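With CSV, C-alpha atoms and all ligand atoms inside, this is input_7.csv:
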```
chain,number,residue,atom,x,y,z
A,1396,MET,CA,20.5,22.9,-17.5
A,1397,ALA,CA,22.4,20.6,-15.2
A,1398,ARG,CA,25.1,18.5,-16.8
A,1399,PHE,CA,26.8,15.6,-15.0
A,1400,GLY,CA,29.8,14.5,-17.0
A,1401,THR,CA,30.2,10.8,-16.3
A,1402,ILE,CA,27.2,8.9,-15.0
A,1403,LEU,CA,27.5,5.4,-13.5
A,1404,LEU,CA,24.2,3.5,-13.9
A,1405,THR,CA,23.7,0.1,-12.1
A,1406,GLY,CA,21.2,-2.7,-12.9
A,1407,VAL,CA,20.9,-1.8,-16.6
A,1408,ASN,CA,18.9,-5.0,-17.3
A,1409,GLY,CA,16.2,-4.1,-14.7
A,1410,GLN,CA,12.9,-2.5,-15.6
A,1411,VAL,CA,13.9,1.0,-14.5
A,1412,GLY,CA,17.6,0.6,-15.3
A,1413,TYR,CA,16.8,-0.4,-18.9
A,1414,GLU,CA,14.6,2.7,-19.4
A,1415,LEU,CA,17.1,5.0,-17.7
A,1416,GLN,CA,20.0,4.2,-20.1
A,1417,HIS,CA,17.8,5.8,-22.9
A,1418,THR,CA,16.9,8.9,-21.0
A,1419,LEU,CA,20.3,9.8,-19.6
A,1420,SER,CA,22.0,10.9,-22.8
A,1421,VAL,CA,20.9,14.5,-22.3
A,1422,LEU,CA,22.6,14.5,-18.9
A,1423,GLY,CA,26.0,13.2,-19.6
A,1424,ARG,CA,28.0,10.1,-20.6
A,1425,ALA,CA,26.5,7.0,-19.1
A,1426,VAL,CA,28.5,4.0,-18.1
A,1427,ALA,CA,25.7,1.4,-17.8
A,1428,LEU,CA,26.6,-1.8,-15.9
A,1429,ASP,CA,24.7,-5.1,-15.5
A,1430,ARG,CA,25.1,-7.5,-12.6
A,1431,SER,CA,28.0,-9.4,-14.3
A,1432,GLN,CA,29.9,-6.1,-14.6
A,1433,LEU,CA,29.1,-4.8,-11.1
A,1434,ASP,CA,27.8,-7.3,-8.5
A,1435,LEU,CA,26.3,-5.2,-5.7
A,1436,SER,CA,26.7,-8.0,-3.2
A,1437,ASP,CA,30.5,-7.5,-3.5
A,1438,THR,CA,31.4,-4.3,-1.6
A,1439,ALA,CA,35.1,-4.4,-2.6
A,1440,ALA,CA,34.0,-4.6,-6.3
A,1441,ILE,CA,31.7,-1.6,-5.8
A,1442,ARG,CA,34.5,0.5,-4.4
A,1443,ARG,CA,37.0,-0.5,-7.1
A,1444,ILE,CA,34.6,0.2,-10.0
A,1445,VAL,CA,33.5,3.5,-8.7
A,1446,ARG,CA,37.1,4.6,-8.2
A,1447,GLU,CA,38.0,3.5,-11.7
A,1448,ILE,CA,35.0,5.2,-13.4
A,1449,LYS,CA,35.1,8.4,-11.2
A,1450,PRO,CA,31.5,9.3,-11.9
A,1451,ASN,CA,30.0,12.7,-11.2
A,1452,LEU,CA,26.6,11.1,-10.7
A,1453,ILE,CA,25.7,7.5,-9.6
A,1454,ILE,CA,22.2,6.2,-10.4
A,1455,ASN,CA,21.2,3.0,-8.6
A,1456,PRO,CA,18.0,1.3,-9.8
A,1457,ALA,CA,19.5,-2.2,-9.1
A,1458,ALA,CA,18.0,-3.9,-6.1
A,1459,TYR,CA,17.0,-7.2,-4.6
A,1460,THR,CA,13.3,-7.0,-5.7
A,1461,ALA,CA,12.1,-10.6,-5.0
A,1462,VAL,CA,9.7,-9.5,-2.2
A,1463,ASP,CA,8.6,-13.0,-1.1
A,1464,LYS,CA,12.0,-14.6,-1.5
A,1465,ALA,CA,13.6,-11.9,0.7
A,1466,GLU,CA,11.8,-13.4,3.7
A,1467,SER,CA,14.1,-16.5,3.4
A,1468,GLU,CA,17.2,-14.6,2.1
A,1469,PRO,CA,17.4,-11.6,4.5
A,1470,GLU,CA,21.2,-11.4,4.4
A,1471,LEU,CA,21.3,-11.1,0.6
A,1472,ALA,CA,18.4,-8.6,0.5
A,1473,PHE,CA,20.2,-6.4,3.1
A,1474,ALA,CA,23.5,-6.7,1.3
A,1475,ILE,CA,22.1,-5.4,-2.0
A,1476,ASN,CA,19.4,-3.1,-0.7
A,1477,ALA,CA,21.2,-1.6,2.3
A,1478,GLU,CA,25.0,-2.2,2.3
A,1479,ALA,CA,25.5,-1.6,-1.5
A,1480,PRO,CA,23.8,1.8,-1.4
A,1481,THR,CA,25.9,2.7,1.7
A,1482,VAL,CA,29.1,1.9,-0.2
A,1483,LEU,CA,27.9,3.7,-3.3
A,1484,ALA,CA,27.0,6.8,-1.2
A,1485,GLU,CA,30.4,6.7,0.6
A,1486,GLU,CA,32.4,6.4,-2.6
A,1487,ALA,CA,30.2,9.1,-4.3
A,1488,ALA,CA,30.8,11.4,-1.4
A,1489,LYS,CA,34.6,10.9,-1.7
A,1490,LEU,CA,34.4,12.0,-5.4
A,1491,GLY,CA,32.1,14.9,-4.7
A,1492,ALA,CA,29.4,13.1,-6.8
A,1493,MET,CA,25.7,12.8,-6.2
A,1494,LEU,CA,23.6,9.7,-5.9
A,1495,VAL,CA,20.1,8.9,-7.2
A,1496,HIS,CA,18.5,5.9,-5.5
A,1497,TYR,CA,15.1,4.2,-5.7
A,1498,SER,CA,12.9,3.0,-2.8
A,1499,THR,CA,9.4,1.7,-2.3
A,1500,ASP,CA,5.9,2.1,-0.9
A,1501,TYR,CA,6.7,-1.1,1.1
A,1502,VAL,CA,8.6,1.1,3.7
A,1503,TYR,CA,5.1,1.9,5.0
A,1504,ASP,CA,2.7,-0.5,6.8
A,1505,GLY,CA,-0.3,0.6,4.8
A,1506,THR,CA,-2.6,1.4,7.7
A,1507,LYS,CA,-3.0,5.1,6.8
A,1508,LEU,CA,-6.3,5.8,5.1
A,1509,SER,CA,-5.0,8.4,2.6
A,1510,PRO,CA,-1.9,8.6,0.4
A,1511,TYR,CA,1.4,8.7,2.3
A,1512,VAL,CA,3.5,11.9,2.3
A,1513,GLU,CA,7.3,11.8,2.7
A,1514,THR,CA,7.2,12.8,6.4
A,1515,ASP,CA,4.8,10.0,7.5
A,1516,ALA,CA,6.2,7.4,9.9
A,1517,THR,CA,7.7,4.4,8.1
A,1518,ASN,CA,7.0,0.9,9.4
A,1519,PRO,CA,7.9,-1.8,6.8
A,1520,LEU,CA,6.1,-5.1,7.1
A,1521,SER,CA,8.5,-7.2,5.1
A,1522,ILE,CA,12.3,-8.0,5.0
A,1523,TYR,CA,12.3,-6.3,1.5
A,1524,GLY,CA,10.7,-3.2,3.0
A,1525,LYS,CA,13.1,-3.2,5.9
A,1526,SER,CA,16.2,-3.6,3.7
A,1527,LYS,CA,15.0,-0.8,1.4
A,1528,LEU,CA,14.4,1.5,4.4
A,1529,ALA,CA,17.9,0.7,5.8
A,1530,GLY,CA,19.4,1.7,2.4
A,1531,GLU,CA,17.6,5.0,2.5
A,1532,ALA,CA,18.8,5.8,6.0
A,1533,ALA,CA,22.4,4.9,5.1
A,1534,ILE,CA,22.4,7.3,2.2
A,1535,ARG,CA,21.0,10.2,4.3
A,1536,ALA,CA,23.6,9.4,7.0
A,1537,VAL,CA,26.5,9.7,4.5
A,1538,GLY,CA,25.2,13.2,3.9
A,1539,LEU,CA,26.0,13.7,0.2
A,1540,PRO,CA,23.6,15.4,-2.3
A,1541,HIS,CA,21.0,12.7,-3.2
A,1542,LEU,CA,17.7,12.0,-4.7
A,1543,ILE,CA,15.8,9.0,-3.1
A,1544,LEU,CA,12.7,8.3,-5.2
A,1545,ARG,CA,10.1,6.0,-3.6
A,1546,THR,CA,7.9,4.5,-6.2
A,1547,SER,CA,5.3,1.7,-6.4
A,1548,TRP,CA,3.9,-1.3,-8.4
A,1549,VAL,CA,6.5,-0.9,-11.2
A,1550,TYR,CA,5.8,-2.6,-14.6
A,1551,GLY,CA,6.7,-2.3,-18.2
A,1552,ALA,CA,7.0,-4.1,-21.5
A,1553,ARG,CA,10.0,-6.1,-20.4
A,1554,GLY,CA,11.0,-7.9,-17.2
A,1555,LYS,CA,9.0,-9.8,-14.6
A,1556,ASN,CA,6.0,-7.8,-13.6
A,1557,PHE,CA,2.2,-7.9,-13.0
A,1558,LEU,CA,1.2,-6.8,-16.5
A,1559,ARG,CA,3.1,-9.5,-18.2
A,1560,THR,CA,2.0,-12.1,-15.7
A,1561,ILE,CA,-1.7,-11.2,-16.1
A,1562,LEU,CA,-1.4,-11.3,-19.9
A,1563,ARG,CA,0.2,-14.8,-19.7
A,1564,LEU,CA,-2.3,-16.1,-17.2
A,1565,ALA,CA,-5.3,-14.7,-19.1
A,1566,SER,CA,-4.0,-16.4,-22.2
A,1567,GLU,CA,-3.7,-19.8,-20.4
A,1568,ARG,CA,-6.8,-19.8,-18.1
A,1569,GLU,CA,-10.4,-18.9,-18.3
A,1570,GLN,CA,-10.7,-17.8,-14.7
A,1571,LEU,CA,-8.3,-15.6,-12.7
A,1572,ARG,CA,-8.4,-14.6,-9.0
A,1573,VAL,CA,-6.8,-11.2,-8.1
A,1574,VAL,CA,-6.5,-9.4,-4.8
A,1575,SER,CA,-8.8,-6.3,-4.5
A,1576,ASP,CA,-8.1,-5.0,-1.0
A,1577,GLN,CA,-4.6,-3.6,-1.7
A,1578,ILE,CA,-4.8,-0.1,-3.2
A,1579,GLY,CA,-1.9,1.5,-5.0
A,1580,VAL,CA,-0.7,3.1,-8.2
A,1581,PRO,CA,0.8,1.0,-11.1
A,1582,THR,CA,3.9,2.9,-12.4
A,1583,TRP,CA,5.5,2.4,-15.8
A,1584,SER,CA,9.3,2.0,-15.6
A,1585,ARG,CA,9.7,4.6,-18.4
A,1586,THR,CA,7.7,7.2,-16.5
A,1587,ILE,CA,10.1,6.8,-13.6
A,1588,ALA,CA,13.1,7.1,-15.9
A,1589,GLU,CA,11.8,10.2,-17.6
A,1590,ALA,CA,10.8,11.9,-14.4
A,1591,THR,CA,14.3,11.1,-13.0
A,1592,ALA,CA,16.0,12.7,-16.0
A,1593,SER,CA,13.6,15.7,-15.8
A,1594,ALA,CA,14.4,16.1,-12.0
A,1595,LEU,CA,18.2,16.0,-12.8
A,1596,LEU,CA,17.8,18.6,-15.6
A,1597,ASN,CA,16.3,20.9,-12.9
A,1598,TRP,CA,18.8,19.9,-10.2
A,1599,ASP,CA,20.6,21.9,-7.6
A,1600,ASP,CA,21.8,20.6,-4.3
A,1601,SER,CA,19.1,22.4,-2.3
A,1602,LYS,CA,16.7,19.9,-3.8
A,1603,SER,CA,18.5,16.9,-2.2
A,1604,GLY,CA,16.1,14.6,-0.3
A,1605,THR,CA,13.4,11.9,-0.5
A,1606,TYR,CA,10.4,12.1,-2.8
A,1607,HIS,CA,7.4,10.0,-3.7
A,1608,LEU,CA,7.2,9.3,-7.5
A,1609,THR,CA,4.4,7.3,-9.0
A,1610,SER,CA,1.8,7.7,-11.7
A,1611,ALA,CA,-1.3,9.6,-10.9
A,1612,GLY,CA,-4.6,7.9,-9.9
A,1613,GLU,CA,-5.1,4.8,-7.9
A,1614,THR,CA,-6.5,1.3,-8.2
A,1615,SER,CA,-6.3,-2.2,-6.7
A,1616,TRP,CA,-4.4,-5.2,-8.2
A,1617,HIS,CA,-7.8,-6.5,-9.3
A,1618,GLY,CA,-8.7,-3.1,-11.0
A,1619,PHE,CA,-5.3,-3.2,-12.7
A,1620,ALA,CA,-5.8,-6.7,-13.9
A,1621,GLN,CA,-9.2,-5.8,-15.3
A,1622,ALA,CA,-7.8,-2.7,-17.0
A,1623,ILE,CA,-5.0,-4.8,-18.6
A,1624,VAL,CA,-7.4,-7.4,-20.1
A,1625,GLU,CA,-9.9,-4.7,-21.1
A,1626,GLU,CA,-7.3,-2.5,-22.9
A,1627,TYR,CA,-5.8,-5.6,-24.5
A,1628,GLY,CA,-9.2,-6.6,-25.8
A,1629,MET,CA,-9.8,-3.2,-27.3
A,1630,LEU,CA,-6.5,-3.2,-29.2
A,1631,ARG,CA,-6.5,-6.8,-30.1
A,1632,GLU,CA,-8.7,-7.0,-33.2
A,1633,ALA,CA,-7.1,-4.1,-35.0
A,1634,ARG,CA,-3.6,-5.3,-34.2
A,1635,LYS,CA,-4.4,-9.0,-34.9
A,1636,TRP,CA,-3.2,-10.1,-31.5
A,1637,PRO,CA,-4.2,-13.6,-30.0
A,1638,VAL,CA,-7.5,-13.8,-28.2
A,1639,LEU,CA,-7.2,-14.2,-24.4
A,1640,LYS,CA,-9.1,-17.0,-22.6
A,1641,ALA,CA,-10.1,-14.8,-19.7
A,1642,GLY,CA,-12.2,-11.6,-20.2
A,1643,VAL,CA,-12.8,-8.8,-17.7
A,1644,VAL,CA,-15.7,-10.7,-16.1
A,1645,ASN,CA,-13.6,-13.8,-15.5
A,1646,ILE,CA,-11.4,-12.0,-13.1
A,1647,GLU,CA,-12.6,-12.7,-9.6
A,1648,ALA,CA,-11.9,-10.2,-6.8
A,1649,ILE,CA,-10.4,-11.9,-3.7
A,1650,THR,CA,-9.0,-10.7,-0.4
A,1651,THR,CA,-5.4,-10.7,0.7
A,1652,THR,CA,-6.2,-13.4,3.3
A,1653,GLU,CA,-7.4,-15.6,0.4
A,1654,TYR,CA,-4.0,-15.2,-1.3
A,1655,PRO,CA,-1.4,-15.7,1.4
A,1656,THR,CA,2.2,-14.8,0.5
A,1657,PRO,CA,5.4,-15.2,2.6
A,1658,ALA,CA,5.8,-11.4,2.7
A,1659,PRO,CA,3.0,-9.2,4.0
A,1660,ARG,CA,2.0,-6.3,1.8
A,1661,PRO,CA,0.6,-2.9,2.8
A,1662,ALA,CA,-3.2,-2.5,2.2
A,1663,ASN,CA,-2.6,1.1,1.3
A,1664,SER,CA,0.4,1.7,-1.1
A,1665,ARG,CA,-0.7,5.1,-2.3
A,1666,LEU,CA,2.1,7.8,-2.3
A,1667,ASP,CA,1.3,11.5,-2.4
A,1668,CYS,CA,3.6,12.9,-5.1
A,1669,THR,CA,3.0,16.7,-4.5
A,1670,LYS,CA,6.5,17.3,-3.2
A,1671,PHE,CA,8.1,16.0,-6.4
A,1672,ALA,CA,5.6,17.9,-8.6
A,1673,ASN,CA,6.2,21.2,-6.8
A,1674,THR,CA,10.0,20.9,-6.6
A,1675,PHE,CA,10.6,19.7,-10.2
A,1676,SER,CA,7.5,21.1,-12.0
A,1677,GLU,CA,6.7,17.7,-13.2
A,1678,VAL,CA,3.2,16.4,-13.5
A,1679,MET,CA,2.9,12.6,-13.5
A,1680,PRO,CA,0.7,10.9,-16.1
A,1681,GLY,CA,-2.3,8.8,-15.1
A,1682,TRP,CA,-1.6,5.1,-14.7
A,1683,HIS,CA,-4.4,4.1,-17.1
A,1684,GLU,CA,-3.0,6.3,-19.9
A,1685,ALA,CA,0.5,4.8,-19.4
A,1686,LEU,CA,-0.9,1.3,-19.5
A,1687,LYS,CA,-2.4,1.9,-23.0
A,1688,GLU,CA,1.0,3.1,-24.2
A,1689,VAL,CA,2.8,0.1,-22.8
A,1690,LEU,CA,0.4,-2.4,-24.3
A,1691,ASN,CA,1.3,-1.1,-27.7
A,1692,ASP,CA,4.8,-2.5,-27.2
A,1693,PRO,CA,5.2,-5.8,-29.1
A,1694,LYS,CA,7.0,-7.3,-26.1
A,1695,CYS,CA,3.7,-7.2,-24.2
A,1696,ARG,CA,2.1,-10.0,-26.3
A,1697,PRO,CA,1.2,-13.1,-24.3
A,1698,VAL,CA,3.7,-15.8,-25.3
A,1701,LIG,N1,9.3,-3.7,-9.1
A,1701,LIG,C1,8.5,-3.0,-8.3
A,1701,LIG,O1,7.3,-3.2,-8.3
A,1701,LIG,C2,9.0,-1.9,-7.4
A,1701,LIG,C3,8.1,-1.2,-6.5
A,1701,LIG,C4,8.6,-0.2,-5.7
A,1701,LIG,C5,9.9,0.2,-5.8
A,1701,LIG,N2,10.8,-0.5,-6.6
A,1701,LIG,C6,12.2,-0.1,-6.6
A,1701,LIG,O2,12.5,0.5,-7.9
A,1701,LIG,C7,13.8,0.2,-8.2
A,1701,LIG,C8,13.9,-0.4,-9.6
A,1701,LIG,O3,13.1,-1.6,-9.6
A,1701,LIG,P1,12.9,-2.5,-10.9
A,1701,LIG,O4,11.4,-2.8,-10.9
A,1701,LIG,O5,13.5,-1.9,-12.1
A,1701,LIG,O6,13.6,-3.8,-10.5
A,1701,LIG,P2,14.0,-5.1,-11.4
A,1701,LIG,O7,13.3,-5.0,-12.7
A,1701,LIG,O8,13.8,-6.3,-10.5
A,1701,LIG,O9,15.6,-4.9,-11.6
A,1701,LIG,C9,16.5,-5.0,-10.6
A,1701,LIG,C10,17.8,-5.1,-11.2
A,1701,LIG,O10,18.8,-5.2,-10.1
A,1701,LIG,C11,19.7,-6.2,-10.5
A,1701,LIG,N3,20.4,-6.8,-9.4
A,1701,LIG,C12,19.8,-7.7,-8.5
A,1701,LIG,N4,20.8,-8.1,-7.7
A,1701,LIG,C13,22.0,-7.5,-8.1
A,1701,LIG,C14,23.3,-7.6,-7.7
A,1701,LIG,N5,23.7,-8.4,-6.7
A,1701,LIG,N6,24.2,-6.9,-8.4
A,1701,LIG,C15,23.9,-6.1,-9.4
A,1701,LIG,N7,22.6,-6.0,-9.8
A,1701,LIG,C16,21.7,-6.7,-9.2
A,1701,LIG,C17,19.0,-7.2,-11.4
A,1701,LIG,O11,19.9,-7.8,-12.2
A,1701,LIG,P3,19.5,-9.1,-13.1
A,1701,LIG,O12,18.8,-8.4,-14.3
A,1701,LIG,O13,20.8,-9.7,-13.4
A,1701,LIG,O14,18.6,-9.9,-12.3
A,1701,LIG,C18,18.0,-6.3,-12.1
A,1701,LIG,O15,18.6,-5.8,-13.3
A,1701,LIG,C19,14.4,-0.7,-7.1
A,1701,LIG,O16,15.1,0.1,-6.2
A,1701,LIG,C20,13.2,-1.3,-6.5
A,1701,LIG,O17,13.4,-1.6,-5.1
A,1701,LIG,C21,10.4,-1.5,-7.4
```

Translate this structure into structure tokens?
Ligand SMILES: NC(=O)c1ccc[n+]([C@@H]2O[C@H](COP(=O)([O-])OP(=O)(O)OC[C@H]3O[C@@H](n4cnc5c(N)ncnc54)[C@H](OP(=O)(O)O)[C@@H]3O)[C@@H](O)[C@H]2O)c1
Amino acid sequence: MARFGTILLTGVNGQVGYELQHTLSVLGRAVALDRSQLDLSDTAAIRRIVREIKPNLIINPAAYTAVDKAESEPELAFAINAEAPTVLAEEAAKLGAMLVHYSTDYVYDGTKLSPYVETDATNPLSIYGKSKLAGEAAIRAVGLPHLILRTSWVYGARGKNFLRTILRLASEREQLRVVSDQIGVPTWSRTIAEATASALLNWDDSKSGTYHLTSAGETSWHGFAQAIVEEYGMLREARKWPVLKAGVVNIEAITTTEYPTPAPRPANSRLDCTKFANTFSEVMPGWHEALKEVLNDPKCRPV
């Protein structure tokens, strides 16, 4: 079993960061920092804190994740998603440490008709996607042992995400309109954290590289919204949860062109996770099964 001594974890209040702090205890002593303790837009602070903590492993789930806002804040998006990982990688390399970093399906343009494999050409459509891709490239260029995990459509019981937005909207409105021509895989933040820990338990430096990591299956945003409302409805009566105003039939399927956003999204966000499964002997759960588990968390109630 791989053990890592001291682990520096960034972005501990984010969806994945929050789950990671609970899964890392088997791997070593985690020093988990939020934005107020380590601001990734401050490269001098990053260098100082890494040198103070002297980790054997850095795990970086912190990121600039406001996809639409990034179109008007490209400098900040690049500072956090590209420059900060560069500095983390440089400092880790000086200590002989390894780096775990997360990336996104948005590094692809979505024109491929089947799930993307790691060797497919990237072509991000958005500033967010470009900044994440630049972060990946910088880590590879530093040349330290690393794990770059590209995931998609992250959600969980806490934080700002599609699941919680749909539950809120369905409790406020009778009709919802949701895009049905973007296909991908909703992935629970806890699934990502558990798979990360499992990969690290089976770690050796020959496994260094980039991997796709999502739940199994596929759906559209519209299909995901319908599943959320349907599963909620099935649990509601027994659990005495509030009734939603919108049912499954009240969710209208619309096209991406009917829902314009500042940042373009790939039509196909599906990532083939075979490489991760084969390397780390880890089978990813189906997205619908994970959704049922998340809905049982009290934080998922519509407010
Ligand atoms: N969310 C998705 O749908 C999605 C999809 C594909 C890939 N990913 C990738 O997966 C990883 C984890 O995403 P997530 O969903 O857990 O993101 P998240 O919930 O948005 O959390 C991001 C975290 O980064 C922190 N952060 C932002 N700016 C920072 C700064 N300047 N200094 C320090 N921390 C800062 C945030 O701090 P505050 O809590 O203070 O805001 C937050 O805790 C990221 O690499 C993301 O790019 C996410």

* List all protein, DNA and RNA residues that have at least one atom no more than 8 Å from any atom of ligand LIG 1701 (chain A), counting only C-alpha atoms and all ligand atoms, and write them as a VMD selection string. => chain A and resid 1405 to 1413 1429 to 1437 1455 to 1461 1475 to 1476 1496 to 1501 1527 1545 to 1550 1554 to 1556 1584

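Interatomic distance, atom CA of A:Val1573 against atom CA of A:Ala1641: 12.6 Å.
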
* **Local residues around (28.7, 11.3, 4.3), at most 12 Å away, using all atoms listed in the file, as a PyMOL selection string** => chain A and resi 1481-1494+1532-1541

As an mmCIF file with C-alpha atoms, keeping the file's coordinate frame, please: the residues near A:Ser1526 (cut-off 7 Å, only C-alpha atoms, same-chain neighbours under 6 positions excluded).
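Heads up, here's the output in result.cif:
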```cif
data_model
loop_
_atom_site.group_PDB
_atom_site.id
_atom_site.type_symbol
_atom_site.label_atom_id
_atom_site.label_comp_id
_atom_site.auth_asym_id
_atom_site.auth_seq_id
_atom_site.Cartn_x
_atom_site.Cartn_y
_atom_site.Cartn_z
ATOM 1 C CA ALA A 1472 18.400 -8.600 0.500
ATOM 2 C CA PHE A 1473 20.200 -6.400 3.100
ATOM 3 C CA ASN A 1476 19.400 -3.100 -0.700
ATOM 4 C CA ALA A 1477 21.200 -1.600 2.300
#
```

* Asked: For the atom pair atom CA of A:Ile1646 and atom CA of A:Ile1587, what is the interatomic distance in Å to one decimal place?
  -> 28.6 Å

* Structure fact -> Judged by all atoms listed in the file, the minimum distance to A:Tyr1511 among A:Gln1621, A:Thr1656, A:Thr1609, A:Thr1674 is found for A:Thr1609

* Structure fact -> Here atom CA of A:Leu1558 and atom CA of A:Thr1582 stand apart by 10.9 Å

* Which residues, written as number ranges by chain, have at least one atom at most 7 Å from stretch 1677-1694 of chain A, with only C-alpha atoms counted and residues fewer than 5 positions away on the same chain left out? -> A: 1551-1553, 1580-1583, 1610-1612, 1626-1627, 1672

* Point out the residue among A:Ala1620, A:Ala1590, A:Val1638, A:Ala1465 with the least atom-to-atom distance to A:Gly1524, counting only C-alpha atoms. =>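 Once distances to A:Gly1524 are computed over only C-alpha atoms, the minimum belongs to A:Ala1465.
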
* Would you please work out which residue, of A:Glu1531, A:Glu1466, A:Glu1513, A:Glu1447, is nearest to A:Glu1478 when using only C-alpha atoms? =>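 Among the listed residues, the smallest separation from A:Glu1478 belongs to A:Glu1531.
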
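Using all atoms listed in the file, the contacts of A:Asp1667 at a cut-off of 7 Å, with sequence neighbours closer than 3 positions omitted, comprise Pro1510, Tyr1511, Val1512 and His1607 of chain A.
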
* Rank nothing, just name the residue among A:Thr1605, A:Thr1401, A:Thr1614, A:Gln1416 nearest to A:Asp1515, using all atoms listed in the file. =>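 Counting all atoms listed in the file, the residue closest to A:Asp1515 is A:Thr1605.
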
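In this comparison, which uses all atoms listed in the file, the residue of A:Arg1572, A:Arg1559, A:Lys1670, A:Arg1696 approaching A:Leu1544 most closely is A:Lys1670.
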
* To do: Would you mind telling me which residue in A:Pro1657, A:Gly1618, A:Gly1604, A:Gly1400 lies nearest to A:Thr1514 when using all atoms listed in the file?
  =>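 Smallest distance to A:Thr1514 is found for A:Gly1604.
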
* **Non-local contacts of A:Ala1516 (12 Å; only C-alpha atoms; under 3 positions in same chain excluded) as a PyMOL selection string** => chain A and resi 1502-1507+1511-1513+1519+1528

* May I have the residues within 12 Å of A:Glu1653 as a list in words, using only C-alpha atoms and disregarding those fewer than 5 positions away in the same chain? =>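 Selected residues are Arg1572, Val1573, Val1574, Ser1575, Asp1576, Glu1647 and Ala1648 of chain A.
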
Could N, CA, C and O atoms be built for stretch 1459-1471 of chain A and written out as a PDB file, in the coordinates of the input?
```
ATOM      1  N   TYR A1459      17.539  -5.838  -4.863  1.00  0.00           N
ATOM      2  CA  TYR A1459      17.000  -7.200  -4.600  1.00  0.00           C
ATOM      3  C   TYR A1459      15.460  -6.942  -4.548  1.00  0.00           C
ATOM      4  O   TYR A1459      14.969  -6.359  -3.569  1.00  0.00           O
ATOM      5  N   THR A1460      14.712  -7.350  -5.580  1.00  0.00           N
ATOM      6  CA  THR A1460      13.300  -7.000  -5.700  1.00  0.00           C
ATOM      7  C   THR A1460      12.352  -8.219  -5.503  1.00  0.00           C
ATOM      8  O   THR A1460      11.141  -8.081  -5.671  1.00  0.00           O
ATOM      9  N   ALA A1461      12.915  -9.391  -5.182  1.00  0.00           N
ATOM     10  CA  ALA A1461      12.100 -10.600  -5.000  1.00  0.00           C
ATOM     11  C   ALA A1461      11.468 -10.523  -3.586  1.00  0.00           C
ATOM     12  O   ALA A1461      12.034 -11.054  -2.614  1.00  0.00           O
ATOM     13  N   VAL A1462      10.311  -9.872  -3.492  1.00  0.00           N
ATOM     14  CA  VAL A1462       9.700  -9.500  -2.200  1.00  0.00           C
ATOM     15  C   VAL A1462       9.495 -10.739  -1.306  1.00  0.00           C
ATOM     16  O   VAL A1462       9.835 -10.741  -0.122  1.00  0.00           O
ATOM     17  N   ASP A1463       8.926 -11.787  -1.874  1.00  0.00           N
ATOM     18  CA  ASP A1463       8.600 -13.000  -1.100  1.00  0.00           C
ATOM     19  C   ASP A1463       9.910 -13.767  -0.739  1.00  0.00           C
ATOM     20  O   ASP A1463      10.104 -14.220   0.383  1.00  0.00           O
ATOM     21  N   LYS A1464      10.798 -13.893  -1.722  1.00  0.00           N
ATOM     22  CA  LYS A1464      12.000 -14.600  -1.500  1.00  0.00           C
ATOM     23  C   LYS A1464      12.912 -13.986  -0.439  1.00  0.00           C
ATOM     24  O   LYS A1464      13.656 -14.652   0.284  1.00  0.00           O
ATOM     25  N   ALA A1465      12.809 -12.668  -0.317  1.00  0.00           N
ATOM     26  CA  ALA A1465      13.600 -11.900   0.700  1.00  0.00           C
ATOM     27  C   ALA A1465      13.346 -12.426   2.093  1.00  0.00           C
ATOM     28  O   ALA A1465      14.232 -12.364   2.950  1.00  0.00           O
ATOM     29  N   GLU A1466      12.141 -12.943   2.338  1.00  0.00           N
ATOM     30  CA  GLU A1466      11.800 -13.400   3.700  1.00  0.00           C
ATOM     31  C   GLU A1466      12.741 -14.579   4.100  1.00  0.00           C
ATOM     32  O   GLU A1466      13.025 -14.762   5.280  1.00  0.00           O
ATOM     33  N   SER A1467      13.214 -15.353   3.111  1.00  0.00           N
ATOM     34  CA  SER A1467      14.100 -16.500   3.400  1.00  0.00           C
ATOM     35  C   SER A1467      15.567 -16.167   3.058  1.00  0.00           C
ATOM     36  O   SER A1467      16.443 -17.012   3.242  1.00  0.00           O
ATOM     37  N   GLU A1468      15.814 -14.962   2.489  1.00  0.00           N
ATOM     38  CA  GLU A1468      17.200 -14.600   2.100  1.00  0.00           C
ATOM     39  C   GLU A1468      17.494 -13.167   2.678  1.00  0.00           C
ATOM     40  O   GLU A1468      17.928 -12.292   1.924  1.00  0.00           O
ATOM     41  N   PRO A1469      17.259 -12.942   3.983  1.00  0.00           N
ATOM     42  CA  PRO A1469      17.400 -11.600   4.500  1.00  0.00           C
ATOM     43  C   PRO A1469      18.803 -11.009   4.334  1.00  0.00           C
ATOM     44  O   PRO A1469      18.968  -9.824   4.041  1.00  0.00           O
ATOM     45  N   GLU A1470      19.819 -11.887   4.468  1.00  0.00           N
ATOM     46  CA  GLU A1470      21.200 -11.400   4.400  1.00  0.00           C
ATOM     47  C   GLU A1470      21.498 -10.803   3.004  1.00  0.00           C
ATOM     48  O   GLU A1470      22.076  -9.717   2.864  1.00  0.00           O
ATOM     49  N   LEU A1471      21.075 -11.558   1.978  1.00  0.00           N
ATOM     50  CA  LEU A1471      21.300 -11.100   0.600  1.00  0.00           C
ATOM     51  C   LEU A1471      20.508  -9.827   0.316  1.00  0.00           C
ATOM     52  O   LEU A1471      21.009  -8.882  -0.302  1.00  0.00           O
TER      53      LEU A1471
END
```
